[in-house]
$ cat protein-v7.json   # JSON, C-alpha atoms
[["chain", "number", "residue", "atom", "x", "y", "z"],
["Y", 16, "MET", "CA", 30.94, -59.52, 41.65],
["Y", 17, "GLU", "CA", 31.01, -55.72, 41.88],
["Y", 18, "ILE", "CA", 28.00, -53.75, 40.69],
["Y", 19, "ASN", "CA", 28.32, -50.03, 40.04],
["Y", 20, "LEU", "CA", 25.11, -48.04, 40.52],
["Y", 21, "ASP", "CA", 24.37, -44.34, 40.37],
["Y", 22, "SER", "CA", 21.29, -42.23, 41.08],
["Y", 23, "SER", "CA", 20.25, -42.03, 37.42],
["Y", 24, "GLN", "CA", 19.34, -45.73, 37.52],
["Y", 25, "PHE", "CA", 16.66, -45.18, 40.16],
["Y", 26, "PRO", "CA", 13.24, -43.60, 39.60],
["Y", 27, "ALA", "CA", 12.93, -39.99, 40.69],
["Y", 28, "TRP", "CA", 11.07, -39.42, 43.95],
["Y", 29, "ASN", "CA", 9.52, -36.20, 42.76],
["Y", 30, "THR", "CA", 7.73, -36.48, 39.40],
["Y", 31, "LYS", "CA", 5.57, -33.38, 39.79],
["Y", 32, "LEU", "CA", 6.18, -30.41, 37.52],
["Y", 33, "GLN", "CA", 7.06, -26.97, 38.83],
["Y", 34, "ALA", "CA", 5.42, -23.76, 37.70],
["Y", 35, "THR", "CA", 4.87, -20.12, 38.52],
["Y", 36, "TRP", "CA", 1.33, -19.07, 39.33],
["Y", 37, "ALA", "CA", -0.53, -15.90, 40.24],
["Y", 38, "PRO", "CA", -4.11, -14.97, 41.09],
["Y", 39, "ILE", "CA", -5.96, -12.66, 38.71],
["Y", 40, "MET", "CA", -8.03, -10.14, 40.64],
["Y", 41, "LEU", "CA", -10.75, -7.66, 39.74],
["Y", 42, "SER", "CA", -11.90, -4.60, 41.66],
["Y", 43, "PRO", "CA", -15.60, -4.43, 40.69],
["Y", 44, "ILE", "CA", -16.04, -0.96, 42.19],
["Y", 45, "MET", "CA", -13.56, 1.63, 40.97],
["Y", 46, "GLY", "CA", -11.67, 3.10, 43.92],
["Y", 47, "GLY", "CA", -13.12, 0.51, 46.30],
["Y", 48, "TYR", "CA", -11.30, -2.00, 48.46],
["Y", 49, "GLU", "CA", -13.24, -5.06, 47.34],
["Y", 50, "ARG", "CA", -11.29, -7.68, 45.39],
["Y", 51, "LEU", "CA", -12.54, -10.71, 43.49],
["Y", 52, "VAL", "CA", -10.25, -13.58, 42.48],
["Y", 53, "VAL", "CA", -11.46, -14.27, 38.95],
["Y", 54, "GLY", "CA", -8.75, -16.64, 37.77],
["Y", 55, "VAL", "CA", -5.41, -18.28, 38.40],
["Y", 56, "ALA", "CA", -2.69, -18.18, 35.74],
["Y", 57, "VAL", "CA", -0.07, -20.94, 35.76],
["Y", 58, "VAL", "CA", 2.99, -20.91, 33.51],
["Y", 59, "ASN", "CA", 6.32, -22.66, 33.03],
["Y", 60, "SER", "CA", 8.73, -23.34, 30.18],
["Y", 61, "GLU", "CA", 6.39, -25.99, 28.75],
["Y", 62, "GLY", "CA", 3.27, -23.87, 28.46],
["Y", 63, "PHE", "CA", 0.53, -22.15, 30.42],
["Y", 64, "HIS", "CA", -2.96, -22.59, 31.78],
["Y", 65, "VAL", "CA", -5.55, -20.09, 33.00],
["Y", 66, "GLU", "CA", -8.19, -21.49, 35.32],
["Y", 67, "PRO", "CA", -11.10, -19.00, 35.28],
["Y", 68, "ALA", "CA", -13.86, -18.43, 37.79],
["Y", 69, "ASN", "CA", -16.63, -20.81, 36.76],
["Y", 70, "ALA", "CA", -19.38, -19.73, 39.17],
["Y", 71, "VAL", "CA", -19.67, -16.06, 38.19],
["Y", 72, "ASP", "CA", -23.47, -16.31, 38.22],
["Y", 73, "ARG", "CA", -23.14, -15.91, 42.00],
["Y", 74, "LEU", "CA", -22.43, -12.24, 41.32],
["Y", 75, "HIS", "CA", -26.11, -11.71, 40.58],
["Y", 76, "CYS", "CA", -26.74, -12.13, 44.30],
["Y", 77, "PHE", "CA", -24.48, -9.14, 45.00],
["Y", 78, "TYR", "CA", -25.02, -6.82, 42.05],
["Y", 79, "GLY", "CA", -28.39, -7.79, 40.57],
["Y", 80, "ASP", "CA", -28.78, -6.49, 37.01],
["Y", 81, "ASP", "CA", -25.37, -4.82, 37.21],
["Y", 82, "ALA", "CA", -23.68, -8.21, 37.49],
["Y", 83, "PHE", "CA", -23.63, -8.71, 33.73],
["Y", 84, "ALA", "CA", -21.13, -5.91, 33.19],
["Y", 85, "THR", "CA", -18.83, -7.41, 35.82],
["Y", 86, "ILE", "CA", -19.13, -10.90, 34.31],
["Y", 87, "SER", "CA", -18.36, -9.51, 30.85],
["Y", 88, "ALA", "CA", -15.30, -7.69, 32.21],
["Y", 89, "ILE", "CA", -14.06, -10.95, 33.76],
["Y", 90, "GLU", "CA", -14.41, -12.90, 30.52],
["Y", 91, "ILE", "CA", -12.70, -10.21, 28.44],
["Y", 92, "ALA", "CA", -9.84, -10.02, 30.95],
["Y", 93, "ILE", "CA", -9.33, -13.81, 31.04],
["Y", 94, "ASP", "CA", -9.51, -14.07, 27.26],
["Y", 95, "HIS", "CA", -6.95, -11.30, 26.84],
["Y", 96, "LEU", "CA", -4.64, -12.87, 29.44],
["Y", 97, "ARG", "CA", -4.62, -16.19, 27.58],
["Y", 98, "ASN", "CA", -3.59, -14.37, 24.43],
["Y", 99, "GLU", "CA", -0.85, -12.49, 26.31],
["Y", 100, "LEU", "CA", 0.51, -15.70, 27.90],
["Y", 101, "ALA", "CA", 0.64, -17.36, 24.49],
["Y", 102, "LEU", "CA", 2.70, -14.45, 23.17],
["Y", 103, "ARG", "CA", 4.84, -13.47, 26.18],
["Y", 104, "SER", "CA", 4.74, -16.39, 28.64],
["Y", 105, "VAL", "CA", 5.58, -15.40, 32.23],
["Y", 106, "GLU", "CA", 6.27, -11.80, 31.16],
["Y", 107, "ALA", "CA", 2.52, -11.42, 30.78],
["Y", 108, "LEU", "CA", 2.33, -11.78, 34.57],
["Y", 109, "THR", "CA", 5.43, -9.82, 35.58],
["Y", 110, "ASP", "CA", 4.65, -6.96, 33.18],
["Y", 111, "PRO", "CA", 0.91, -7.23, 32.51],
["Y", 112, "ASN", "CA", -0.92, -5.33, 29.81],
["Y", 113, "HIS", "CA", -4.56, -5.18, 30.88],
["Y", 114, "VAL", "CA", -7.47, -4.15, 28.66],
["Y", 115, "ILE", "CA", -9.95, -3.90, 31.54],
["Y", 116, "SER", "CA", -9.51, -1.30, 34.27],
["Y", 117, "GLY", "CA", -9.60, -2.72, 37.78],
["Y", 118, "VAL", "CA", -7.90, -5.98, 36.81],
["Y", 119, "HIS", "CA", -4.48, -6.77, 38.22],
["Y", 120, "VAL", "CA", -2.15, -9.70, 38.75],
["Y", 121, "GLY", "CA", -1.46, -10.77, 42.32],
["Y", 122, "GLU", "CA", 1.81, -11.92, 43.85],
["Y", 123, "LEU", "CA", 3.71, -14.51, 41.79],
["Y", 124, "ARG", "CA", 4.45, -17.77, 43.57],
["Y", 125, "THR", "CA", 5.84, -21.20, 42.73],
["Y", 126, "ALA", "CA", 4.04, -24.50, 43.08],
["Y", 127, "GLU", "CA", 4.28, -28.16, 42.17],
["Y", 128, "GLY", "CA", 1.54, -30.34, 40.77],
["Y", 129, "ASP", "CA", 0.58, -33.12, 38.41],
["Y", 130, "SER", "CA", -0.15, -30.58, 35.66],
["Y", 131, "LEU", "CA", -0.55, -26.85, 35.07],
["Y", 132, "GLN", "CA", -4.30, -27.33, 35.05],
["Y", 133, "ALA", "CA", -4.22, -29.20, 38.37],
["Y", 134, "ILE", "CA", -2.27, -26.38, 39.99],
["Y", 135, "GLY", "CA", -4.72, -23.80, 38.69],
["Y", 136, "LYS", "CA", -7.77, -25.76, 39.85],
["Y", 137, "SER", "CA", -6.40, -26.40, 43.33],
["Y", 138, "TRP", "CA", -5.57, -22.74, 43.96],
["Y", 139, "MET", "CA", -8.85, -21.44, 42.54],
["Y", 140, "ALA", "CA", -10.74, -23.79, 44.86],
["Y", 141, "VAL", "CA", -8.85, -22.30, 47.81],
["Y", 142, "LEU", "CA", -8.86, -18.62, 46.83],
["Y", 143, "SER", "CA", -12.08, -17.83, 45.00],
["Y", 144, "SER", "CA", -15.71, -17.74, 46.09],
["Y", 145, "LEU", "CA", -16.57, -17.56, 42.38],
["Y", 146, "TYR", "CA", -15.25, -21.05, 41.71],
["Y", 147, "GLN", "CA", -16.82, -24.47, 42.09],
["Y", 148, "GLU", "CA", -14.84, -27.66, 41.79],
["Y", 149, "GLN", "CA", -16.12, -29.82, 38.96],
["Y", 150, "VAL", "CA", -17.12, -33.45, 39.37],
["Y", 151, "GLU", "CA", -14.88, -35.75, 37.32],
["Y", 152, "ALA", "CA", -16.49, -36.92, 34.11],
["Y", 153, "SER", "CA", -16.09, -40.58, 35.16],
["Y", 154, "LYS", "CA", -18.28, -39.88, 38.20],
["Y", 155, "ILE", "CA", -21.17, -38.31, 36.30],
["Y", 156, "VAL", "CA", -24.02, -40.78, 35.92],
["Y", 157, "ALA", "CA", -25.24, -41.58, 32.44],
["Y", 158, "SER", "CA", -28.69, -40.13, 33.16],
["Y", 159, "ASN", "CA", -27.16, -36.65, 33.22],
["Y", 160, "ALA", "CA", -26.05, -36.89, 29.60],
["Y", 161, "ASN", "CA", -29.24, -35.22, 28.37],
["Y", 162, "VAL", "CA", -29.16, -32.30, 30.80],
["Y", 163, "ALA", "CA", -28.70, -29.05, 28.87],
["Y", 164, "ASP", "CA", -25.68, -26.89, 29.49],
["Y", 165, "PRO", "CA", -26.86, -23.59, 31.07],
["Y", 166, "GLN", "CA", -24.60, -21.53, 28.80],
["Y", 167, "GLU", "CA", -25.89, -23.34, 25.73],
["Y", 168, "SER", "CA", -29.53, -22.79, 26.70],
["Y", 169, "SER", "CA", -28.98, -19.06, 27.05],
["Y", 170, "GLY", "CA", -27.03, -18.75, 23.82],
["Y", 171, "ASP", "CA", -23.54, -17.66, 22.89],
["Y", 172, "ARG", "CA", -22.01, -15.01, 25.19],
["Y", 173, "LEU", "CA", -19.55, -13.76, 22.57],
["Y", 174, "PRO", "CA", -21.88, -11.10, 21.10],
["Y", 175, "PHE", "CA", -22.29, -9.54, 24.56],
["Y", 176, "LEU", "CA", -18.54, -9.45, 25.13],
["Y", 177, "VAL", "CA", -17.86, -7.86, 21.75],
["Y", 178, "CYS", "CA", -20.59, -5.29, 22.38],
["Y", 179, "ASP", "CA", -19.10, -4.34, 25.76],
["Y", 180, "TYR", "CA", -15.60, -4.04, 24.33],
["Y", 181, "VAL", "CA", -16.63, -1.89, 21.36],
["Y", 182, "LYS", "CA", -18.78, 0.37, 23.54],
["Y", 183, "ALA", "CA", -15.85, 0.84, 25.91],
["Y", 184, "GLN", "CA", -13.72, 2.02, 22.97],
["Y", 185, "ARG", "CA", -16.37, 4.02, 21.10],
["Y", 186, "ALA", "CA", -19.49, 4.81, 23.11],
["Y", 187, "GLY", "CA", -21.15, 6.20, 19.99],
["Y", 188, "TYR", "CA", -21.21, 2.74, 18.41],
["Y", 189, "ALA", "CA", -23.61, 1.36, 21.04],
["Y", 190, "GLY", "CA", -26.60, 2.09, 18.83],
["Y", 191, "PHE", "CA", -25.27, -0.20, 16.12],
["Y", 192, "PHE", "CA", -25.74, -3.26, 18.36],
["Y", 193, "SER", "CA", -29.07, -5.05, 18.85],
["Y", 194, "SER", "CA", -31.10, -3.94, 21.87],
["Y", 195, "ASP", "CA", -30.63, -7.19, 23.79],
["Y", 196, "LEU", "CA", -26.84, -6.79, 23.55],
["Y", 197, "ARG", "CA", -26.90, -3.10, 24.52],
["Y", 198, "GLU", "CA", -29.15, -3.75, 27.49],
["Y", 199, "GLY", "CA", -27.46, -6.97, 28.62],
["Y", 200, "LYS", "CA", -30.62, -9.05, 28.36],
["Y", 201, "GLN", "CA", -30.50, -12.83, 28.41],
["Y", 202, "ARG", "CA", -29.95, -14.18, 24.92],
["Y", 203, "ARG", "CA", -32.90, -15.81, 23.22],
["Y", 204, "LYS", "CA", -32.93, -19.57, 23.56],
["Y", 205, "LYS", "CA", -32.27, -21.60, 20.46],
["Y", 206, "GLY", "CA", -35.43, -22.29, 18.57],
["Y", 207, "SER", "CA", -37.53, -19.95, 20.72],
["Y", 208, "SER", "CA", -38.07, -17.45, 17.89],
["Y", 209, "HIS", "CA", -37.94, -17.36, 14.10],
["Y", 210, "LYS", "CA", -37.19, -13.67, 14.07],
["Y", 211, "VAL", "CA", -34.02, -12.69, 12.24],
["Y", 212, "ILE", "CA", -31.37, -11.54, 14.72],
["Y", 213, "ILE", "CA", -28.51, -9.23, 13.72],
["Y", 214, "ASP", "CA", -25.89, -8.42, 16.33],
["Y", 215, "PHE", "CA", -24.28, -5.38, 14.70],
["Y", 216, "SER", "CA", -25.69, -3.14, 11.97],
["Y", 217, "GLY", "CA", -23.46, -0.16, 11.27],
["Y", 218, "SER", "CA", -23.00, 2.17, 8.36],
["Y", 219, "LYS", "CA", -20.14, 0.12, 6.89],
["Y", 220, "LEU", "CA", -20.54, -3.32, 8.51],
["Y", 221, "VAL", "CA", -23.35, -5.75, 9.29],
["Y", 222, "ALA", "CA", -22.19, -8.67, 11.42],
["Y", 223, "ASN", "CA", -23.19, -11.59, 13.56],
["Y", 224, "PHE", "CA", -20.83, -13.15, 16.08],
["Y", 225, "GLY", "CA", -20.39, -16.79, 17.08],
["Y", 226, "THR", "CA", -18.04, -19.10, 18.94],
["Y", 227, "LEU", "CA", -16.58, -22.40, 17.78],
["Y", 228, "LYS", "CA", -16.38, -24.41, 20.99],
["Y", 229, "ALA", "CA", -14.11, -27.43, 20.89],
["Y", 230, "GLY", "CA", -16.03, -29.05, 23.74],
["Y", 231, "ALA", "CA", -19.46, -28.53, 22.14],
["Y", 232, "LEU", "CA", -18.60, -28.37, 18.47],
["Y", 233, "THR", "CA", -21.77, -29.75, 16.89],
["Y", 234, "ALA", "CA", -24.02, -27.44, 18.91],
["Y", 235, "SER", "CA", -21.89, -24.36, 18.21],
["Y", 236, "VAL", "CA", -21.74, -25.13, 14.47],
["Y", 237, "ASN", "CA", -25.53, -25.36, 14.35],
["Y", 238, "ILE", "CA", -25.83, -21.98, 16.08],
["Y", 239, "VAL", "CA", -23.38, -20.39, 13.63],
["Y", 240, "LYS", "CA", -25.31, -21.82, 10.68],
["Y", 241, "ARG", "CA", -28.47, -20.18, 11.98],
["Y", 242, "ARG", "CA", -26.65, -16.87, 12.41],
["Y", 243, "LEU", "CA", -25.35, -17.15, 8.83],
["Y", 244, "TRP", "CA", -28.90, -17.63, 7.60],
["Y", 245, "ASP", "CA", -30.05, -14.57, 9.56],
["Y", 246, "LEU", "CA", -27.24, -12.56, 7.97],
["Y", 247, "LYS", "CA", -28.23, -13.71, 4.48],
["Y", 248, "VAL", "CA", -31.88, -12.77, 5.01],
["Y", 249, "GLU", "CA", -30.88, -9.34, 6.34],
["Y", 250, "ARG", "CA", -28.57, -8.70, 3.39],
["Y", 251, "ASP", "CA", -31.19, -9.72, 0.82],
["Y", 252, "ARG", "CA", -33.78, -7.38, 2.29],
["Y", 253, "ASP", "CA", -31.34, -4.57, 3.14],
["Y", 254, "PRO", "CA", -32.74, -1.31, 1.73],
["Y", 255, "ASN", "CA", -29.27, 0.20, 2.04],
["Y", 256, "SER", "CA", -27.58, -2.35, -0.20],
["Y", 257, "VAL", "CA", -26.50, 0.49, -2.48],
["Y", 258, "LEU", "CA", -24.16, 1.57, 0.33],
["Y", 259, "ASP", "CA", -22.27, -1.67, -0.20],
["Y", 260, "ARG", "CA", -22.10, -2.55, 3.48],
["Y", 261, "LYS", "CA", -19.97, -5.57, 4.30],
["Y", 262, "HIS", "CA", -21.87, -8.55, 5.73],
["Y", 263, "GLU", "CA", -19.68, -10.81, 7.87],
["Y", 264, "MET", "CA", -20.12, -13.78, 10.16],
["Y", 265, "ILE", "CA", -17.29, -13.32, 12.65],
["Y", 266, "LEU", "CA", -16.20, -16.34, 14.68],
["Y", 267, "GLN", "CA", -14.04, -16.72, 17.72],
["Y", 268, "ARG", "CA", -11.98, -19.90, 17.58],
["Y", 269, "PRO", "CA", -8.98, -21.09, 19.62],
["Y", 270, "HIS", "CA", -5.42, -20.44, 18.49],
["Y", 271, "ALA", "CA", -3.96, -23.09, 16.19],
["Y", 272, "ASP", "CA", -1.27, -23.73, 18.81],
["Y", 273, "ASP", "CA", -3.59, -23.62, 21.85],
["Y", 274, "PRO", "CA", -1.90, -25.97, 24.35],
["Y", 275, "GLN", "CA", -5.22, -26.74, 26.01],
["Y", 276, "LEU", "CA", -6.60, -28.48, 22.91],
["Y", 277, "SER", "CA", -5.54, -31.82, 21.53],
["Y", 278, "GLU", "CA", -4.45, -32.36, 17.95],
["Y", 279, "LYS", "CA", -7.72, -34.16, 17.26],
["Y", 280, "GLN", "CA", -9.76, -31.25, 18.61],
["Y", 281, "GLN", "CA", -7.87, -28.87, 16.34],
["Y", 282, "GLU", "CA", -8.57, -31.14, 13.36],
["Y", 283, "ASN", "CA", -12.27, -31.15, 14.20],
["Y", 284, "LEU", "CA", -12.27, -27.36, 14.49],
["Y", 285, "ASN", "CA", -10.60, -27.05, 11.09],
["Y", 286, "GLU", "CA", -13.17, -29.36, 9.50],
["Y", 287, "ALA", "CA", -16.04, -27.46, 11.10],
["Y", 288, "PHE", "CA", -14.66, -24.13, 9.89],
["Y", 289, "GLU", "CA", -14.26, -25.44, 6.34],
["Y", 290, "GLU", "CA", -17.87, -26.61, 6.39],
["Y", 291, "LEU", "CA", -19.09, -23.22, 7.59],
["Y", 292, "GLU", "CA", -16.86, -21.43, 5.10],
["Y", 293, "HIS", "CA", -18.39, -23.48, 2.28],
["Y", 294, "GLN", "CA", -21.88, -22.50, 3.39],
["Y", 295, "ALA", "CA", -20.88, -18.84, 3.64],
["Y", 296, "ASP", "CA", -19.40, -18.94, 0.13],
["Y", 297, "GLN", "CA", -22.65, -20.37, -1.24],
["Y", 298, "GLU", "CA", -24.54, -17.45, 0.24],
["Y", 299, "GLU", "CA", -21.87, -14.94, -0.87],
["Y", 300, "LEU", "CA", -21.13, -13.96, 2.71],
["Y", 301, "ARG", "CA", -17.79, -13.44, 4.44],
["Y", 302, "LEU", "CA", -16.82, -15.86, 7.21],
["Y", 303, "ARG", "CA", -13.98, -14.55, 9.36],
["Y", 304, "ALA", "CA", -12.24, -16.35, 12.25],
["Y", 305, "LEU", "CA", -10.35, -14.46, 14.96],
["Y", 306, "ASN", "CA", -8.92, -15.66, 18.25],
["Y", 307, "THR", "CA", -10.01, -13.19, 20.93],
["Y", 308, "VAL", "CA", -12.76, -10.77, 21.85],
["Y", 309, "VAL", "CA", -10.25, -7.92, 21.59],
["Y", 310, "GLU", "CA", -9.27, -8.90, 18.03],
["Y", 311, "ILE", "CA", -12.93, -9.14, 17.01],
["Y", 312, "GLY", "CA", -13.77, -5.81, 18.62],
["Y", 313, "ASP", "CA", -10.81, -4.07, 16.99],
["Y", 314, "HIS", "CA", -11.83, -5.52, 13.63],
["Y", 315, "VAL", "CA", -15.34, -4.11, 14.02],
["Y", 316, "LEU", "CA", -13.94, -0.71, 15.00],
["Y", 317, "LYS", "CA", -11.56, -0.68, 12.04],
["Y", 318, "LEU", "CA", -14.17, -1.58, 9.42],
["Y", 319, "GLU", "CA", -16.80, 0.79, 10.78],
["Y", 320, "ALA", "CA", -14.30, 3.66, 10.86],
["Y", 321, "ALA", "CA", -12.98, 2.96, 7.37]]
$ encode --input "protein-v7.json" --output "structure tokens"
Amino acid sequence: MEINLDSSQFPAWNTKLQATWAPIMLSPIMGGYERLVVGVAVVNSEGFHVEPANAVDRLHCFYGDDAFATISAIEIAIDHLRNELALRSVEALTDPNHVISGVHVGELRTAEGDSLQAIGKSWMAVLSSLYQEQVEASKIVASNANVADPQESSGDRLPFLVCDYVKAQRAGYAGFFSSDLREGKQRRKKGSSHKVIIDFSGSKLVANFGTLKAGALTASVNIVKRRLWDLKVERDRDPNSVLDRKHEMILQRPHADDPQLSEKQQENLNEAFEELEHQADQEELRLRALNTVVEIGDHVLKLEAA
């Protein structure tokens, strides 16, 4: 008996995907030679992934109180790059459009890996002193489940990033932001004070800022609810209500087509937003969702200049 076989009937030896990747670098001192690898961008025809520096707190050892500005610049740059990759794919790396001076894309290279995320993680671990490899969730003991997330304990970083972006565009608007945002102070811990906190109080707009985090949705929703309440109290006691200032709770939430989120996570985000929107409607406040720090900052600039 004669059996005809061809290569398509055998499993492929190489099942790893191929992608283009590049380091994202920041020069923290203008005109200096120092370079920090703050992220790795990985992209192919199927999508993209940006693996950011996750140990940026180490910068405090180098820059002290000045580290916050550098950390804010890193987060704005990474956030903007994700938006650019979603719109322009690999062109965002070959012809970058940066919003932060001192940021640039390194040499593009090709790599193979189990996933875009795996490629990004492996190269960040090799290239960046601002990156720490994470322990797999399956290896974390159950007793750690109640340990607070450092970012959660210090509050949402979004208001600081928006403040830095707006100040960079219009220095004169700095006075509209709360003092802790202007001065880069650590955010008040949740529950540590009953004082009403307003992030931005301009002549045309009063706003608080919050983030809907897919990985910590319940906690972030509770924070946003508190910020909505603060906004309501401020509006009701506002002596300048005759000026008809807009009062908005402005959220940052992932893109609807964010490839890094599952369909279920997007459903949960939609449900959470609808719940918050209902609460805002009851208080006659405006709830607005935008995708990036740049979009939020531009919205603030537009309304305040109207």
$ residues_around --input "protein-v7.json" --residues "Leu284 of chain Y" --least-positions-apart "4" --cutoff "7 Å" --atoms "all atoms listed in the file" --output "list in words"
Ala229, Gln280 and Phe288 of chain Y
$ closest_residue --input "protein-v7.json" --among "Y:Ala271, Y:Val53, Y:Leu243, Y:Ala84" --to "Leu196 of chain Y" --atoms "all atoms listed in the file"
Y:Ala84
$ atom_distance --input "protein-v7.json" --atom1 "atom CA of Ala304 of chain Y" --atom2 "atom CA of Glu282 of chain Y"
15.3 Å
$ atom_distance --input "protein-v7.json" --atom1 "atom CA of Glu278 of chain Y" --atom2 "atom CA of Asn69 of chain Y"
25.2 Å
$ residues_near_point --input "protein-v7.json" --point "(-13.5, -21.8, 35.6)" --cutoff "9 Å" --atoms "all atoms listed in the file" --output "list in words"
Val53, Gly54, Val65, Glu66, Pro67, Ala68, Asn69, Ala70, Val71, Lys136, Met139, Leu145, Tyr146, Gln147 and Glu148 of chain Y
$ residues_around --input "protein-v7.json" --residues "segment 72-77 of chain Y" --least-positions-apart "3" --cutoff "8 Å" --atoms "all atoms listed in the file" --output "list of chain:residue names"
Y:Asp80, Y:Asp81, Y:Ala82, Y:Phe83, Y:Ile86, Y:Leu145
$ closest_atom_pairs --input "protein-v7.json" --of "segment 73-139 of chain Y" --to "segment 38-42 of chain Y" --cutoff "10 Å" --atoms "only C-alpha atoms" --output "Markdown table"
| residue | atom | partner | partner_atom | distance |
| --- | --- | --- | --- | --- |
| Y:Thr85 | CA | Y:Leu41 | CA | 9.0 |
| Y:Ala88 | CA | Y:Leu41 | CA | 8.8 |
| Y:Ile89 | CA | Y:Leu41 | CA | 7.6 |
| Y:Ala92 | CA | Y:Ile39 | CA | 9.1 |
| Y:Ile93 | CA | Y:Ile39 | CA | 8.5 |
| Y:Leu96 | CA | Y:Ile39 | CA | 9.4 |
| Y:Leu108 | CA | Y:Ile39 | CA | 9.3 |
| Y:Ile115 | CA | Y:Leu41 | CA | 9.1 |
| Y:Ser116 | CA | Y:Ser42 | CA | 8.4 |
| Y:Gly117 | CA | Y:Ser42 | CA | 4.9 |
| Y:Val118 | CA | Y:Leu41 | CA | 4.4 |
| Y:His119 | CA | Y:Met40 | CA | 5.5 |
| Y:Val120 | CA | Y:Ile39 | CA | 4.8 |
| Y:Gly121 | CA | Y:Pro38 | CA | 5.1 |
| Y:Glu122 | CA | Y:Pro38 | CA | 7.2 |
| Y:Leu123 | CA | Y:Pro38 | CA | 7.9 |
| Y:Arg124 | CA | Y:Pro38 | CA | 9.3 |
| Y:Gly135 | CA | Y:Pro38 | CA | 9.2 |
| Y:Trp138 | CA | Y:Pro38 | CA | 8.4 |
| Y:Met139 | CA | Y:Pro38 | CA | 8.2 |
$ atom_distance --input "protein-v7.json" --atom1 "atom CA of Cys178 of chain Y" --atom2 "atom CA of Ala295 of chain Y"
23.1 Å
$ residues_around --input "protein-v7.json" --residues "Ala101 of chain Y" --least-positions-apart "2" --cutoff "12 Å" --atoms "all atoms listed in the file" --output "JSON, numbers by chain"
{"Y": [56, 57, 58, 59, 60, 61, 62, 63, 64, 65, 94, 95, 96, 97, 98, 99, 103, 104, 105, 106, 107, 108, 269, 270, 271, 272, 273, 274, 275, 306, 307]}
$ axis_aligned_box --input "protein-v7.json" --around "segment 130-146 of chain Y" --padding-each-side "6 Å" --output "JSON"
{"center_x": -8.4, "center_y": -24.1, "center_z": 41.4, "size_x": 28.4, "size_y": 25.0, "size_z": 24.8}
$ closest_residue --input "protein-v7.json" --among "Y:Val211, Y:Leu220, Y:Ala34, Y:Ile134" --to "Ala321 of chain Y" --atoms "only C-alpha atoms"
Y:Leu220
